[in-house]
file structure00.txt (compact mmCIF, C-alpha atoms)
# COMPACT_ATOMS: atom_id res chain seq x y z
CA MET A 1 167.76 75.70 173.89
CA ASN A 2 164.03 75.81 174.72
CA LEU A 3 161.49 73.48 173.15
CA PHE A 4 160.36 75.89 170.43
CA ALA A 5 163.95 76.66 169.50
CA PHE A 6 164.58 72.93 169.32
CA LEU A 7 161.61 72.40 167.01
CA PHE A 8 162.56 75.29 164.78
CA ALA A 9 166.15 74.01 164.61
CA GLN A 10 164.75 70.90 162.93
CA ALA A 11 162.86 72.96 160.34
CA VAL A 12 164.26 73.22 156.83
CA GLN A 13 164.10 76.54 154.98
CA VAL A 14 162.46 75.82 151.63
CA THR A 15 162.60 79.21 149.91
CA SER A 16 164.58 82.40 150.40
CA GLY A 17 165.17 85.76 148.78
CA PRO A 18 163.13 88.98 148.82
CA ALA A 19 159.83 87.53 147.57
CA LEU A 20 156.65 87.21 149.61
CA ASP A 21 156.27 83.41 149.50
CA TYR A 22 152.86 82.41 150.79
CA GLN A 23 150.06 79.85 150.89
CA PRO A 24 151.94 76.60 150.09
CA ASP A 25 150.14 73.40 149.17
CA MET A 26 152.03 70.11 149.42
CA ILE A 27 151.63 66.53 148.18
CA LEU A 28 153.81 63.43 148.15
CA SER A 29 154.01 62.27 144.54
CA GLN A 30 153.99 58.70 143.27
CA ASP A 31 157.71 58.92 142.49
CA GLY A 32 158.53 59.92 146.09
CA ARG A 33 159.04 63.64 145.56
CA ILE A 34 157.49 66.22 147.86
CA LEU A 35 155.77 68.65 145.51
CA VAL A 36 154.87 72.16 146.66
CA VAL A 37 153.07 74.94 144.80
CA TYR A 38 152.86 78.36 146.46
CA GLU A 39 152.05 81.99 145.86
CA VAL A 40 154.63 84.70 145.20
CA LEU A 41 152.82 87.91 146.09
CA ASP A 42 153.28 91.51 145.01
CA THR A 43 153.74 93.50 148.22
CA SER A 44 151.94 96.53 146.79
CA ASP A 45 148.55 94.87 146.28
CA LEU A 46 149.06 91.19 147.28
CA SER A 47 148.30 89.99 143.77
CA GLY A 48 150.12 86.77 143.01
CA ASP A 49 151.80 84.28 140.71
CA LEU A 50 152.25 80.57 141.34
CA PHE A 51 155.66 78.92 141.70
CA SER A 52 156.77 75.39 142.57
CA VAL A 53 159.57 73.62 144.42
CA TYR A 54 160.20 69.95 145.09
CA SER A 55 162.35 67.70 147.27
CA THR A 56 163.70 64.26 146.32
CA ASP A 57 165.11 63.42 149.77
CA SER A 58 162.06 63.71 152.04
CA GLY A 59 162.44 67.41 152.69
CA SER A 60 166.12 67.84 153.53
CA ARG A 61 166.94 69.75 150.34
CA TRP A 62 164.73 71.63 147.92
CA SER A 63 164.88 72.61 144.27
CA SER A 64 165.11 76.17 143.03
CA PRO A 65 161.71 77.83 142.56
CA ALA A 66 160.18 77.51 139.10
CA PRO A 67 157.19 79.43 137.71
CA VAL A 68 153.95 77.52 137.25
CA ILE A 69 151.42 80.23 136.41
CA ALA A 70 153.01 83.68 136.19
CA THR A 71 151.17 86.32 134.17
CA PRO A 72 151.85 90.07 134.31
CA SER A 73 148.23 91.09 133.86
CA TRP A 74 146.33 88.75 136.17
CA SER A 75 146.55 87.41 139.68
CA GLU A 76 146.80 83.68 140.46
CA ARG A 77 146.52 82.58 144.08
CA HIS A 78 145.50 79.85 146.54
CA PRO A 79 146.88 76.68 144.90
CA ALA A 80 145.25 73.29 145.50
CA LEU A 81 147.41 70.44 144.23
CA VAL A 82 146.34 66.82 143.71
CA GLN A 83 147.90 63.89 141.83
CA MET A 84 145.64 61.57 139.87
CA PRO A 85 146.15 57.77 139.79
CA ASP A 86 147.87 57.98 136.39
CA GLY A 87 150.47 60.39 137.81
CA THR A 88 149.04 63.56 136.28
CA CYS A 89 149.10 66.58 138.61
CA TYR A 90 146.00 68.75 138.70
CA LEU A 91 146.45 72.24 140.07
CA TYR A 92 143.39 74.31 140.99
CA TYR A 93 143.74 77.98 141.87
CA LEU A 94 141.84 81.25 141.78
CA SER A 95 142.43 83.76 139.00
CA ASP A 96 140.86 86.99 137.82
CA SER A 97 141.87 86.40 134.19
CA THR A 98 138.21 86.19 133.15
CA ALA A 99 138.08 89.97 133.87
CA VAL A 100 134.55 89.70 135.26
CA GLN A 101 135.19 87.94 138.55
CA TYR A 102 137.53 85.52 140.25
CA ARG A 103 137.07 81.98 139.07
CA ILE A 104 138.68 78.68 140.00
CA HIS A 105 141.01 77.55 137.24
CA LEU A 106 142.79 74.29 136.43
CA SER A 107 146.27 73.61 135.08
CA VAL A 108 147.64 70.14 134.34
CA SER A 109 151.16 68.70 134.35
CA THR A 110 152.65 65.24 133.79
CA ASP A 111 156.17 66.16 134.94
CA PHE A 112 155.67 68.98 137.49
CA VAL A 113 157.70 71.21 135.15
CA ASN A 114 155.48 71.99 132.18
CA TRP A 115 151.94 73.12 132.95
CA THR A 116 149.01 73.40 130.59
CA PRO A 117 146.29 75.89 131.61
CA MET A 118 142.82 74.42 131.09
CA GLY A 119 140.90 77.57 131.92
CA PRO A 120 138.17 78.15 134.53
CA ILE A 121 135.96 75.32 135.76
CA ASP A 122 132.19 75.63 135.84
CA ILE A 123 130.69 75.00 139.29
CA GLY A 124 127.33 76.55 138.53
CA TRP A 125 127.66 80.21 139.42
CA GLY A 126 128.34 81.73 136.04
CA GLU A 127 129.26 85.39 136.43
CA SER A 128 127.09 86.00 139.48
CA ALA A 129 129.83 85.72 142.13
CA HIS A 130 133.52 85.32 142.85
CA GLN A 131 134.57 81.69 143.38
CA ILE A 132 137.82 81.52 145.35
CA ASN A 133 140.05 79.52 147.72
CA PRO A 134 139.73 75.94 146.42
CA ASP A 135 140.87 72.91 148.39
CA VAL A 136 140.70 69.55 146.58
CA ILE A 137 140.92 65.91 147.71
CA LEU A 138 141.24 62.67 145.74
CA GLU A 139 138.47 60.17 146.49
CA PRO A 140 139.00 56.37 146.72
CA ASP A 141 137.20 55.98 143.38
CA SER A 142 139.60 58.49 141.73
CA SER A 143 136.97 61.24 141.59
CA LEU A 144 137.63 64.63 143.20
CA SER A 145 135.83 66.69 145.82
CA MET A 146 136.45 70.38 146.42
CA SER A 147 135.63 72.99 149.02
CA TYR A 148 135.64 76.66 148.04
CA GLN A 149 134.50 80.09 149.17
CA LEU A 150 131.93 82.30 147.45
CA LEU A 151 131.90 86.11 147.40
CA THR A 152 129.49 88.61 145.94
CA LEU A 153 130.82 90.73 143.09
CA GLY A 154 131.30 93.40 145.78
CA TYR A 155 133.46 90.95 147.78
CA SER A 156 131.01 90.29 150.63
CA ASN A 157 131.32 86.74 151.97
CA LEU A 158 128.64 84.23 150.92
CA GLY A 159 130.10 81.26 152.76
CA GLY A 160 131.74 77.93 152.10
CA TYR A 161 130.59 75.42 149.47
CA VAL A 162 131.55 72.02 148.07
CA ALA A 163 131.52 70.45 144.62
CA HIS A 164 132.36 67.06 143.10
CA SER A 165 133.87 65.88 139.82
CA ALA A 166 134.19 62.42 138.32
CA ASP A 167 137.33 63.29 136.39
CA GLY A 168 138.59 66.65 137.70
CA LEU A 169 137.65 68.39 134.46
CA VAL A 170 133.85 68.61 134.58
CA TRP A 171 132.37 69.56 137.95
CA ASP A 172 128.83 69.33 139.25
CA ILE A 173 126.80 72.52 139.56
CA GLN A 174 124.83 71.63 142.69
CA MET A 175 126.30 74.59 144.64
CA ARG A 176 126.06 72.82 148.02
CA GLN A 177 126.61 75.11 150.98
CA VAL A 178 128.56 73.99 154.05
CA ASP A 179 128.10 77.16 156.10
CA ALA A 180 126.91 80.65 155.20
CA GLY A 181 129.60 82.39 157.27
CA ALA A 182 132.56 80.16 156.46
CA ARG A 183 135.77 81.69 155.17
CA LEU A 184 138.76 79.76 153.81
CA PRO A 185 136.97 76.37 153.91
CA ARG A 186 139.40 73.45 153.60
CA MET A 187 138.43 69.84 153.18
CA ALA A 188 139.64 66.41 154.28
CA LYS A 189 138.12 62.93 154.34
CA TRP A 190 138.41 60.46 157.20
CA ARG A 191 138.17 56.68 156.89
CA ASP A 192 136.93 57.10 153.31
CA SER A 193 133.49 57.95 154.67
CA VAL A 194 133.38 61.23 156.64
CA TYR A 195 134.09 64.61 155.09
CA LEU A 196 135.39 67.36 157.36
CA VAL A 197 135.57 71.02 156.38
CA ASN A 198 137.54 73.43 158.59
CA TYR A 199 136.94 77.14 158.21
CA GLN A 200 137.39 80.42 160.02
CA LYS A 201 134.43 82.49 161.06
CA GLY A 202 133.99 85.89 162.64
CA SER A 203 134.25 89.56 161.79
CA GLY A 204 136.86 92.29 161.86
CA SER A 205 139.99 90.72 163.32
CA ASN A 206 138.05 88.36 165.62
CA TYR A 207 138.08 84.92 164.03
CA ASP A 208 138.10 81.38 165.32
CA ILE A 209 138.27 77.95 163.70
CA TYR A 210 135.12 75.86 163.26
CA TYR A 211 134.25 72.68 161.42
CA LYS A 212 131.38 70.60 160.10
CA THR A 213 131.19 66.98 158.93
CA SER A 214 129.16 65.13 156.30
CA THR A 215 128.91 61.69 154.74
CA ASP A 216 127.40 62.84 151.44
CA LEU A 217 128.60 66.44 150.79
CA THR A 218 124.99 67.61 151.11
CA SER A 219 123.81 67.14 154.69
CA TRP A 220 126.24 68.79 157.11
CA SER A 221 126.46 68.44 160.87
CA SER A 222 125.90 71.28 163.28
CA GLU A 223 128.85 73.62 163.67
CA THR A 224 131.61 72.81 166.19
CA ARG A 225 134.03 75.44 167.43
CA LEU A 226 137.65 74.28 167.59
CA THR A 227 139.45 77.39 168.91
CA PHE A 228 138.45 80.02 171.48
CA THR A 229 141.08 82.69 170.94
CA ASN A 230 139.24 85.37 168.92
CA ASN A 231 142.29 85.47 166.65
CA SER A 232 142.80 82.14 164.84
CA HIS A 233 143.03 81.77 161.08
CA ASP A 234 144.04 79.62 158.13
CA SER A 235 143.13 76.11 159.26
CA HIS A 236 144.08 72.99 157.32
CA PRO A 237 142.76 69.49 158.20
CA VAL A 238 145.07 66.50 157.69
CA PRO A 239 143.83 62.87 157.72
CA MET A 240 146.02 60.56 159.81
CA GLY A 241 145.15 57.22 158.27
CA ASP A 242 142.20 55.56 159.96
CA THR A 243 143.18 56.81 163.39
CA GLY A 244 141.92 60.36 163.19
CA MET A 245 142.50 63.90 162.02
CA ALA A 246 144.95 66.72 162.68
CA ALA A 247 144.05 70.38 162.25
CA PHE A 248 146.74 73.03 161.75
CA TYR A 249 146.00 76.73 162.19
CA SER A 250 147.57 80.10 163.05
CA THR A 251 146.84 81.91 166.30
CA ALA A 252 148.01 85.29 167.62
CA LEU A 253 147.96 85.21 171.40
CA THR A 254 150.10 88.36 171.53
CA SER A 255 151.26 90.46 168.58
CA GLN A 256 152.45 87.73 166.20
CA TYR A 257 150.94 84.60 164.70
CA ASP A 258 152.35 81.16 165.46
CA ILE A 259 151.50 77.70 164.15
CA TYR A 260 149.44 75.34 166.32
CA TYR A 261 147.70 72.03 165.79
CA GLN A 262 145.30 69.63 167.47
CA THR A 263 144.33 66.04 166.79
CA SER A 264 141.17 63.98 167.23
CA GLY A 265 140.37 60.29 167.13
CA ASP A 266 136.63 60.70 166.59
CA LEU A 267 136.15 64.23 165.12
CA VAL A 268 134.35 65.14 168.34
CA ASN A 269 136.97 65.19 171.08
CA TRP A 270 140.19 67.06 170.34
CA GLY A 271 143.51 66.75 172.13
CA ASP A 272 145.62 69.44 173.71
CA ILE A 273 146.76 72.40 171.66
CA GLU A 274 150.29 71.81 170.38
CA GLN A 275 152.41 74.87 169.55
CA LEU A 276 154.99 74.50 166.77
CA THR A 277 156.52 77.97 166.45
CA ASP A 278 157.29 80.80 168.88
CA ASN A 279 158.81 83.68 166.92
CA SER A 280 158.68 87.46 167.00
CA VAL A 281 157.44 87.32 163.40
CA TYR A 282 154.35 86.00 161.61
CA ASP A 283 154.02 82.24 161.02
CA ASN A 284 150.89 81.32 159.09
CA GLN A 285 149.27 79.34 156.28
CA ALA A 286 150.41 75.92 157.53
CA HIS A 287 149.56 72.94 155.32
CA GLY A 288 150.25 69.37 156.35
CA LEU A 289 150.51 65.74 155.32
CA CYS A 290 150.63 62.53 157.32
CA VAL A 291 153.26 60.14 155.93
CA ASN A 292 153.95 56.83 157.69
CA ASP A 293 152.49 58.09 160.98
CA THR A 294 154.59 61.25 160.77
CA LEU A 295 153.09 64.72 160.41
CA TRP A 296 154.81 66.87 157.81
CA VAL A 297 154.02 70.58 157.79
CA ILE A 298 155.02 73.49 155.57
CA TRP A 299 154.23 77.12 156.37
CA SER A 300 154.96 80.74 155.46
CA GLN A 301 157.10 82.80 157.85
CA SER A 302 157.75 86.50 157.60
CA VAL A 303 161.36 87.66 157.62
CA TYR A 304 160.51 90.87 159.43
CA ALA A 305 158.32 91.69 162.41
CA THR A 306 156.06 93.54 159.97
CA PRO A 307 154.30 90.91 157.84
CA TYR A 308 153.66 90.83 154.09
CA LEU A 309 156.99 92.40 153.16
CA ASP A 310 159.08 89.25 152.75
CA HIS A 311 158.05 85.70 153.63
CA ASP A 312 159.90 82.38 153.22
CA LEU A 313 158.62 78.80 153.41
CA TYR A 314 159.72 76.34 156.09
CA PHE A 315 159.22 72.57 156.33
CA LEU A 316 159.16 70.40 159.46
CA LYS A 317 158.53 66.74 160.34
CA LEU A 318 156.85 65.94 163.65
CA VAL A 319 157.86 62.48 164.90
CA PRO A 320 155.91 60.55 165.95
CA ALA A 321 152.49 61.73 164.81
CA ALA A 322 150.44 58.64 165.67
CA LEU A 323 147.14 59.96 166.93
CA GLY A 324 147.19 57.87 170.09
CA GLU A 325 150.07 59.98 171.36
CA LYS A 326 147.95 63.09 171.47
CA SER A 327 144.29 62.37 171.92
CA GLY A 328 143.85 59.29 174.02
CA ALA A 329 143.39 56.81 171.19
CA GLY A 330 146.05 54.49 172.56
CA THR A 331 145.09 50.94 173.50
CA GLY A 332 146.64 50.65 176.94
CA PRO A 333 149.00 52.08 179.58
CA SER A 334 152.21 53.41 178.07
CA LEU A 335 155.01 55.91 178.46
CA ARG A 336 156.80 57.30 175.39
CA ILE A 337 159.49 59.97 175.11
CA THR A 338 160.15 61.54 171.71
CA PRO A 339 162.49 62.69 170.39
CA ASN A 340 165.08 60.83 172.42
CA PRO A 341 167.97 61.69 172.44
CA CYS A 342 167.01 65.33 172.02
CA LEU A 343 168.45 68.81 172.01
CA GLY A 344 167.15 70.89 174.87
CA GLY A 345 163.67 69.45 175.25
CA SER A 346 161.34 66.61 174.33
CA PHE A 347 157.73 65.42 174.62
CA ILE A 348 156.43 62.86 177.10
CA ALA A 349 153.31 60.93 176.10
CA PHE A 350 151.77 59.08 179.06
CA ASN A 351 148.65 56.96 178.83
CA PRO A 352 147.61 55.83 182.34
CA GLY A 353 144.99 53.44 180.96
CA GLN A 354 142.53 54.21 183.77
CA ASP A 355 140.79 56.97 185.71
CA CYS A 356 143.19 57.79 188.52
CA GLN A 357 145.49 60.26 190.21
CA ALA A 358 148.61 60.59 188.07
CA ARG A 359 152.01 62.19 188.40
CA VAL A 360 154.80 62.68 185.85
CA ALA A 361 158.22 63.89 186.95
CA ILE A 362 161.85 64.03 185.81
CA TYR A 363 164.77 62.95 188.03
CA ASP A 364 168.55 63.01 187.65
CA PRO A 365 170.56 59.73 188.00
CA SER A 366 171.02 60.30 191.73
CA GLY A 367 167.26 60.32 192.26
CA ARG A 368 166.97 64.05 192.84
CA LEU A 369 163.77 65.65 191.51
CA VAL A 370 164.53 67.92 188.55
CA ARG A 371 161.01 68.89 187.52
CA GLU A 372 157.44 67.82 188.23
CA LEU A 373 155.53 68.04 184.97
CA PHE A 374 152.05 66.97 186.03
CA ALA A 375 150.15 65.99 189.16
CA GLY A 376 146.39 65.54 189.24
CA ALA A 377 143.38 63.52 188.21
CA VAL A 378 143.20 61.96 184.74
CA ASN A 379 140.32 60.20 183.03
CA GLY A 380 142.26 57.48 181.26
CA THR A 381 143.13 59.52 178.20
CA GLU A 382 146.69 60.23 177.22
CA LEU A 383 148.69 63.18 178.50
CA ARG A 384 151.18 64.83 176.17
CA ILE A 385 153.58 67.05 178.07
CA ALA A 386 156.56 69.14 177.01
CA THR A 387 159.59 68.69 179.24
CA GLY A 388 160.68 72.27 178.77
CA ASN A 389 164.33 73.23 178.50
CA LEU A 390 166.77 70.78 180.11
CA SER A 391 170.55 70.94 180.46
CA PRO A 392 172.55 68.28 178.61
CA GLY A 393 172.66 65.02 180.56
CA PHE A 394 170.90 61.77 181.44
CA TYR A 395 167.46 61.83 183.08
CA ILE A 396 164.89 59.36 184.38
CA VAL A 397 161.22 59.99 183.67
CA VAL A 398 158.82 58.51 186.23
CA ALA A 399 155.06 58.34 185.67
CA ASN A 400 152.67 57.08 188.34
CA ALA A 401 149.06 56.12 187.66
CA GLY A 402 147.37 55.02 190.86
CA GLU A 403 149.47 52.06 192.06
CA LYS A 404 151.19 51.60 188.68
CA ARG A 405 154.64 52.99 187.95
CA PHE A 406 156.29 53.59 184.58
CA THR A 407 159.86 54.72 183.96
CA GLY A 408 161.88 55.78 180.95
CA ASN A 409 165.29 57.25 180.20
CA LEU A 410 165.81 60.60 178.49
CA VAL A 411 169.11 61.78 177.01
CA VAL A 412 169.60 65.50 176.35
CA GLU A 413 172.57 66.25 174.11
call {"tool": "encode", "arguments": {"input": "structure00.txt", "output": "structure tokens"}}
result
Amino acid sequence: MNLFAFLFAQAVQVTSGPALDYQPDMILSQDGRILVVYEVLDTSDLSGDLFSVYSTDSGSRWSSPAPVIATPSWSERHPALVQMPDGTCYLYYLSDSTAVQYRIHLSVSTDFVNWTPMGPIDIGWGESAHQINPDVILEPDSSLSMSYQLLTLGYSNLGGYVAHSADGLVWDIQMRQVDAGARLPRMAKWRDSVYLVNYQKGSGSNYDIYYKTSTDLTSWSSETRLTFTNNSHDSHPVPMGDTGMAAFYSTALTSQYDIYYQTSGDLVNWGDIEQLTDNSVYDNQAHGLCVNDTLWVIWSQSVYATPYLDHDLYFLKLVPAALGEKSGAGTGPSLRITPNPCLGGSFIAFNPGQDCQARVAIYDPSGRLVRELFAGAVNGTELRIATGNLSPGFYIVVANAGEKRFTGNLVVE
């Protein structure tokens, strides 16, 4: 079993059946449930309805899908789910039920079963443009901030914007622009002080992921490019406590899209690209959470090689997800191997703690070299290396940093 097969073997299938399940948004509720709202799309025109599922056992088993907003005449898409301090769930989504243009709507639930539509929210544009693709975060003071995309009535892109609301019901109408070319802007907040908006930017099929930061939702940093593939989409930033940020996205290096992510401890320097899926089908629209230093991710995967015919949702936990294991935020020299024991392959996280020549290798119990994983200069930041596929057995991992030597045991079942 190779590493990607091992990772996918740990994934839990959330939905099934012939529907095109897409664009999931996920929160961990106050009562410990994982709550997910997602689109069920019509394959003829990709119009959608919103459905929900939940898990009461941290993602091992999932409820049957239940309709949230399902109307025969209108399309509802792109859910953004947030739970308020009193336990009420607010669900924002785009809808064309106003018949003039797409607007961002709100529905409210106290039990995640019964939903009350509250209608479109006013963010200042009136009927002059389509307002789509909301992403909403809960602020420390219980207010809400939202990123969204604006289109002309002819569907030309007008960029990414942000808005703020004291109560989630009445929003400001300041119409603050993040970037004029941004598509699918998605928001996170780091250390309760720095906003980050990821978005894709490009033309035709050539897109990459970019981001900007702000401390006040008004003044935004210069643009930073995160990917350099010419075919990356659907990014979602995930705060990892005070330690940093993860960014999930989809990239097609060949003919299909797979899920990748990167992490950063300062929103400037980003760690190595980590690949989560390696299928002959489309994996996209990954959304994540960080729970107790563990990254949880849910995504949409096509059943067939041809996308947008039938998609199902999958859920995966990445252990451990502490930022120091991916981006050099660790405090000193260390060697960690996770998961361990493992099936087929694992990850080795090695922090040399200094600028030096380093080497990481795997040996069998007799001392015979099985595989050299890395040899070269390092600048004191942490390496995160996949072991690749290994036969079942007992192994010794040896990492050298200058004159220092670190060892660890690895069991492959």
call {"tool": "closest_residue", "arguments": {"input": "structure00.txt", "among": "A:Asp364, A:Asp283, A:Asp167, A:Asp192", "to": "Tyr249 in chain A", "atoms": "only C-alpha atoms"}}
result
A:Asp283
call {"tool": "closest_residue", "arguments": {"input": "structure00.txt", "among": "A:Ile273, A:Val291, A:Leu169, A:Leu138", "to": "Met118 in chain A", "atoms": "all atoms listed in the file"}}
result
A:Leu169
call {"tool": "residues_around", "arguments": {"input": "structure00.txt", "residues": "Gln13 in chain A", "least_positions_apart": "4", "cutoff": "7 Å", "atoms": "all atoms listed in the file", "output": "list in words"}}
result
Leu313, Tyr314 and Phe315 of chain A
call {"tool": "residues_around", "arguments": {"input": "structure00.txt", "residues": "range 103-117 of chain A", "least_positions_apart": "2", "cutoff": "6 Å", "atoms": "only C-alpha atoms", "output": "ChimeraX atom specification"}}
result
/A:88-95,119-121,131
call {"tool": "closest_residue", "arguments": {"input": "structure00.txt", "among": "A:Ala70, A:Arg186, A:Ile27, A:Thr338", "to": "Ser47 in chain A", "atoms": "only C-alpha atoms"}}
result
A:Ala70
call {"tool": "residues_around", "arguments": {"input": "structure00.txt", "residues": "range 203-220 of chain A", "least_positions_apart": "2", "cutoff": "9 Å", "atoms": "only C-alpha atoms", "output": "ChimeraX atom specification"}}
result
/A:145,162-164,176-179,182,185,193-201,222-235,249,251,267
call {"tool": "closest_residue", "arguments": {"input": "structure00.txt", "among": "A:Gln285, A:Thr254, A:Trp171, A:Leu295", "to": "His311 in chain A", "atoms": "all atoms listed in the file"}}
result
A:Gln285
call {"tool": "atom_distance", "arguments": {"input": "structure00.txt", "atom1": "CA of Val82 in chain A", "atom2": "CA of Thr15 in chain A"}}
result
21.4 Å
call {"tool": "atom_distance", "arguments": {"input": "structure00.txt", "atom1": "CA of Glu372 in chain A", "atom2": "CA of Ala399 in chain A"}}
result
10.1 Å
call {"tool": "residues_near_point", "arguments": {"input": "structure00.txt", "point": "(160.3, 55.7, 188.6)", "cutoff": "9 Å", "atoms": "only C-alpha atoms", "output": "ChimeraX atom specification"}}
result
/A:361-363,396-400,405-408
